[in-house]
$ cat structure02.txt   # compact mmCIF, C-alpha atoms
# COMPACT_ATOMS: atom_id res chain seq x y z
CA VAL A 8 -14.21 35.16 76.65
CA LEU A 9 -17.22 37.49 76.53
CA LYS A 10 -16.87 39.05 79.95
CA LYS A 11 -14.94 38.89 83.22
CA ILE A 12 -16.54 39.62 86.58
CA ASP A 13 -14.43 40.10 89.71
CA LEU A 14 -15.53 38.39 92.93
CA LYS A 15 -14.84 40.27 96.16
CA GLY A 16 -15.07 38.84 99.66
CA PHE A 17 -15.37 35.22 98.60
CA ARG A 18 -12.69 32.68 99.56
CA ASP A 19 -12.91 29.56 97.40
CA THR A 20 -15.70 29.74 94.83
CA GLU A 21 -16.36 26.35 93.27
CA ASP A 22 -19.52 26.62 91.18
CA ILE A 23 -22.34 28.84 89.93
CA THR A 24 -25.88 28.07 88.79
CA TYR A 25 -28.61 30.09 87.15
CA ILE A 26 -31.87 30.64 89.04
CA LYS A 27 -34.03 33.14 87.13
CA GLU A 28 -33.79 36.51 85.38
CA ASN A 29 -30.53 38.07 86.68
CA ILE A 30 -30.30 35.89 89.78
CA PHE A 31 -27.55 33.31 90.30
CA ALA A 32 -26.26 31.15 93.15
CA ILE A 33 -22.53 31.00 93.90
CA LEU A 34 -21.09 28.11 95.92
CA ASP A 35 -18.07 28.77 98.16
CA GLU A 36 -16.27 25.71 99.52
CA GLU A 37 -14.19 27.36 102.24
CA LEU A 38 -17.19 29.28 103.56
CA SER A 39 -19.45 26.22 103.10
CA SER A 40 -22.17 28.54 101.84
CA ILE A 41 -24.50 29.39 98.99
CA PHE A 42 -24.67 33.07 98.06
CA ILE A 43 -27.57 34.40 96.00
CA VAL A 44 -26.34 37.27 93.83
CA GLU A 45 -27.56 39.47 91.02
CA ILE A 46 -25.59 39.63 87.77
CA ASP A 47 -26.77 41.73 84.84
CA ASN A 48 -25.20 43.01 81.63
CA ASP A 49 -23.50 45.87 83.46
CA THR A 50 -22.09 43.87 86.37
CA LYS A 51 -18.32 44.12 86.66
CA VAL A 52 -17.86 43.15 90.32
CA VAL A 53 -19.85 40.92 92.66
CA HIS A 54 -19.35 41.70 96.34
CA ARG A 55 -20.11 38.95 98.82
CA GLU A 56 -21.46 41.51 101.30
CA ASN A 57 -24.11 42.53 98.74
CA SER A 58 -25.51 39.03 98.38
CA LEU A 59 -29.30 38.89 98.35
CA LYS A 60 -29.35 35.76 100.52
CA GLU A 61 -26.92 33.35 102.14
CA PHE A 62 -27.22 29.74 103.26
CA ASN A 63 -24.57 27.87 105.24
CA LEU A 64 -24.14 24.10 104.92
CA ASP A 65 -21.03 22.23 106.08
CA TYR A 66 -20.78 18.48 105.46
CA ARG A 67 -17.01 18.11 105.28
CA TYR A 68 -15.04 16.02 107.72
CA PHE A 69 -11.68 17.18 106.37
CA GLU A 70 -10.35 20.43 104.94
CA ASN A 71 -10.61 20.87 101.17
CA PHE A 72 -13.17 18.07 100.81
CA GLY A 73 -16.23 20.28 100.96
CA LEU A 74 -19.03 21.58 98.75
CA GLU A 75 -18.05 21.37 95.07
CA GLY A 76 -21.08 21.65 92.80
CA ILE A 77 -24.55 23.16 92.70
CA SER A 78 -27.61 22.96 90.44
CA TYR A 79 -31.14 24.34 90.75
CA ASP A 80 -34.58 22.99 89.88
CA LYS A 81 -36.75 26.07 89.46
CA VAL A 82 -39.94 24.01 89.16
CA GLU A 83 -39.57 22.53 92.63
CA ASP A 84 -37.46 25.38 94.10
CA GLU A 85 -34.81 22.84 95.00
CA PHE A 86 -31.02 23.14 95.06
CA TYR A 87 -28.86 20.07 94.54
CA ILE A 88 -25.37 20.24 95.98
CA VAL A 89 -22.50 17.76 95.97
CA ASN A 90 -19.91 17.35 98.69
CA GLU A 91 -16.64 16.25 97.10
CA ARG A 92 -15.75 13.31 99.33
CA SER A 93 -15.11 12.26 102.91
CA PRO A 94 -18.06 11.96 102.70
CA LYS A 95 -19.37 11.89 99.13
CA LYS A 96 -22.80 13.46 99.44
CA ILE A 97 -25.67 14.69 97.27
CA ILE A 98 -27.77 17.13 99.27
CA SER A 99 -31.05 18.82 98.40
CA ILE A 100 -32.28 22.13 99.84
CA LYS A 101 -35.93 22.83 99.15
CA GLY A 102 -37.81 26.06 99.82
CA PHE A 103 -34.86 28.42 100.26
CA MET A 104 -35.60 30.80 97.40
CA THR A 105 -39.31 31.06 98.18
CA ASP A 106 -38.72 31.43 101.94
CA SER A 107 -41.09 28.55 102.57
CA ASN A 108 -40.48 25.66 104.94
CA ILE A 109 -36.82 24.86 104.20
CA LYS A 110 -36.07 21.13 104.01
CA ILE A 111 -32.55 19.70 103.82
CA LYS A 112 -32.16 16.08 102.75
CA ASP A 113 -29.34 13.68 101.97
CA LYS A 114 -30.21 12.13 98.61
CA GLU A 115 -28.83 8.77 99.67
CA GLU A 116 -30.78 6.96 96.95
CA LEU A 117 -28.71 8.81 94.33
CA GLU A 118 -25.42 7.76 95.89
CA PHE A 119 -25.74 4.02 95.32
CA ASN A 120 -24.21 2.08 92.40
CA ASN A 121 -21.70 4.82 91.64
CA VAL A 122 -18.49 3.33 92.99
CA TYR A 123 -16.71 4.30 89.76
CA LEU A 124 -17.03 7.96 90.77
CA SER A 125 -14.28 8.39 93.34
CA ASP A 126 -15.35 11.95 94.04
CA PHE A 127 -18.19 14.34 93.21
CA SER A 128 -16.89 17.48 91.47
CA ALA A 129 -20.06 18.93 89.95
CA ILE A 130 -23.75 18.26 89.44
CA HIS A 131 -26.36 19.27 86.89
CA TYR A 132 -30.08 18.55 87.09
CA ASP A 133 -31.88 18.29 83.76
CA GLU A 134 -35.42 19.53 84.43
CA VAL A 135 -36.69 18.33 81.04
CA MET A 136 -35.37 14.76 81.11
CA ARG A 137 -35.41 14.62 84.93
CA ARG A 138 -31.90 13.25 85.17
CA PHE A 139 -28.87 14.07 87.26
CA TYR A 140 -25.42 14.39 85.73
CA ILE A 141 -22.55 14.03 88.19
CA LEU A 142 -18.96 14.79 87.27
CA SER A 143 -15.92 13.18 88.88
CA ASP A 144 -12.58 14.96 88.67
CA GLU A 145 -10.52 12.05 89.98
CA SER A 146 -12.22 9.39 87.82
CA LYS A 147 -12.54 11.64 84.73
CA ILE A 148 -16.09 10.34 84.32
CA LEU A 149 -19.48 11.96 83.85
CA GLY A 150 -22.14 9.77 85.45
CA ARG A 151 -25.88 9.95 84.87
CA VAL A 152 -28.69 8.82 87.16
CA ASP A 153 -32.38 8.78 86.26
CA GLU A 154 -35.60 8.62 88.28
CA GLN A 155 -35.23 4.83 88.55
CA ILE A 156 -31.92 5.47 90.33
CA ASP A 157 -30.09 3.76 87.50
CA PHE A 158 -26.52 5.04 87.60
CA SER A 159 -24.53 4.73 84.40
CA LYS A 160 -21.12 5.73 83.09
CA TYR A 161 -22.48 8.30 80.72
CA LEU A 162 -19.17 9.64 79.45
CA ASP A 163 -15.58 8.59 80.11
CA LEU A 164 -13.46 11.67 79.40
CA SER A 165 -10.31 9.58 79.08
CA ASN A 166 -11.72 7.63 76.11
CA ASN A 167 -11.69 10.55 73.67
CA LYS A 168 -8.68 12.36 72.21
CA ILE A 169 -10.12 15.80 72.89
CA SER A 170 -11.86 15.21 76.23
CA SER A 171 -8.84 13.31 77.58
CA GLN A 172 -6.99 16.62 77.57
CA MET A 173 -9.29 17.89 80.31
CA THR A 174 -7.37 18.28 83.55
CA ASN A 175 -9.35 18.69 86.75
CA PRO A 176 -12.87 18.70 85.24
CA GLU A 177 -14.88 20.54 87.88
CA GLY A 178 -17.96 22.10 86.32
CA ILE A 179 -20.84 20.95 84.14
CA THR A 180 -24.02 22.31 82.61
CA LYS A 181 -26.37 21.31 79.81
CA ASP A 182 -28.43 23.52 77.49
CA LYS A 183 -31.97 23.07 76.16
CA GLU A 184 -30.68 21.35 73.02
CA GLY A 185 -28.94 18.69 75.06
CA ASN A 186 -25.39 19.97 74.50
CA ILE A 187 -23.04 19.48 77.43
CA TYR A 188 -20.39 21.92 78.63
CA ILE A 189 -17.58 20.99 81.01
CA VAL A 190 -14.99 23.32 82.49
CA GLY A 191 -11.70 22.27 84.03
CA GLU A 192 -8.74 23.82 85.78
CA PRO A 193 -6.81 25.61 84.58
CA ASN A 194 -8.92 27.49 82.01
CA LEU A 195 -10.24 24.60 79.93
CA PHE A 196 -13.67 24.55 78.28
CA LEU A 197 -15.15 21.44 76.62
CA SER A 198 -18.26 21.58 74.44
CA ILE A 199 -20.00 18.30 73.61
CA LYS A 200 -22.66 18.60 70.94
CA ARG A 201 -25.66 16.32 71.14
CA ASP A 202 -26.06 13.53 68.57
CA LYS A 203 -27.95 10.26 68.34
CA VAL A 204 -25.61 8.59 70.82
CA LEU A 205 -25.33 11.30 73.47
CA ASN A 206 -28.70 12.46 74.75
$ encode --input "structure02.txt" --output "structure tokens"
Amino acid sequence: VLKKIDLKGFRDTEDITYIKENIFAILDEELSSIFIVEIDNDTKVVHRENSLKEFNLDYRYFENFGLEGISYDKVEDEFYIVNERSPKKIISIKGFMTDSNIKIKDKEELEFNNVYLSDFSAIHYDEVMRRFYILSDESKILGRVDEQIDFSKYLDLSNNKISSQMTNPEGITKDKEGNIYIVGEPNLFLSIKRDKVLN
């Protein structure tokens, strides 16, 4: 652990994504909101009331089945958010960071052919390969969908001795080298290094 940052005023933070420089977006399920915050090398506490911007979006039909994951495409200024289930949703918000004409859209085309994902726990958009990675806590599966809307079981966490130890996998990101990182509750961190099979 390199650093711990306290969150004040938030209620049920589920995910975080990097935007640019020292700017990040925090997703809060109970508040059904995105909070744009600044985090630098000296930050020890992030106060919700000091957020640079806030965006409210509530898709849940039942309590505790709300917004779970967030990713950002800086090229298109577009957030991608997943609603856990009831209903399972992939939502895009375009134009929020640039204060242009904000457009909210259900990415229904990304929700087909993914019946093996019983819930959506996290999402990552790969700007280089232009693919979406969607993590399911309940199914213990990482799915991948490309521009042709071809959904595939990219990684079954239960099929590997190490990854099968992940309980409640709820966060995912990918670095420039193609390595994948998954976090789970409580306090589990899985690093998957890229090779000729995983790309």
$ atom_distance --input "structure02.txt" --atom1 "atom CA of A:Ser107" --atom2 "atom CA of A:Glu28"
20.3 Å
$ residues_around --input "structure02.txt" --residues "A:Asp49" --least-positions-apart "6" --cutoff "12 Å" --atoms "all atoms listed in the file" --output "ChimeraX atom specification"
/A:10-12,29
$ residues_near_point --input "structure02.txt" --point "(-30.7, 29.6, 106.0)" --cutoff "10 Å" --atoms "only C-alpha atoms" --output "list of chain:residue names"
A:Ser40, A:Ile41, A:Lys60, A:Glu61, A:Phe62, A:Asn63, A:Leu64, A:Ile100, A:Phe103, A:Met104, A:Asp106, A:Ile109
$ write_last_selection --input "structure02.txt" --atoms "C-alpha atoms" --output "PDB file, in the frame of the given file"
ATOM      1  CA  SER A  40     -22.170  28.540 101.840  1.00  0.00           C
ATOM      2  CA  ILE A  41     -24.500  29.390  98.990  1.00  0.00           C
ATOM      3  CA  LYS A  60     -29.350  35.760 100.520  1.00  0.00           C
ATOM      4  CA  GLU A  61     -26.920  33.350 102.140  1.00  0.00           C
ATOM      5  CA  PHE A  62     -27.220  29.740 103.260  1.00  0.00           C
ATOM      6  CA  ASN A  63     -24.570  27.870 105.240  1.00  0.00           C
ATOM      7  CA  LEU A  64     -24.140  24.100 104.920  1.00  0.00           C
ATOM      8  CA  ILE A 100     -32.280  22.130  99.840  1.00  0.00           C
ATOM      9  CA  PHE A 103     -34.860  28.420 100.260  1.00  0.00           C
ATOM     10  CA  MET A 104     -35.600  30.800  97.400  1.00  0.00           C
ATOM     11  CA  ASP A 106     -38.720  31.430 101.940  1.00  0.00           C
ATOM     12  CA  ILE A 109     -36.820  24.860 104.200  1.00  0.00           C
TER      13      ILE A 109
END
$ residues_around --input "structure02.txt" --residues "stretch 176-187 of chain A" --least-positions-apart "4" --cutoff "10 Å" --atoms "all atoms listed in the file" --output "PyMOL selection string"
chain A and resi 21-24+75-78+127-136+140-149+164+170+172+191-193+195-202+205-206
$ axis_aligned_box --input "structure02.txt" --around "stretch 19-28 of chain A" --padding-each-side "4 Å" --output "AutoDock Vina command-line options"
--center_x -23.5 --center_y 31.4 --center_z 91.4 --size_x 29.1 --size_y 18.2 --size_z 20.0
$ residues_around --input "structure02.txt" --residues "A:Asp113" --least-positions-apart "4" --cutoff "9 Å" --atoms "all atoms listed in the file" --output "compact mmCIF listing (two decimals) with C-alpha atoms, in the frame of the given file"
# COMPACT_ATOMS: atom_id res chain seq x y z
CA LYS A 96 -22.80 13.46 99.44
CA ILE A 97 -25.67 14.69 97.27
CA ILE A 98 -27.77 17.13 99.27
CA SER A 99 -31.05 18.82 98.40
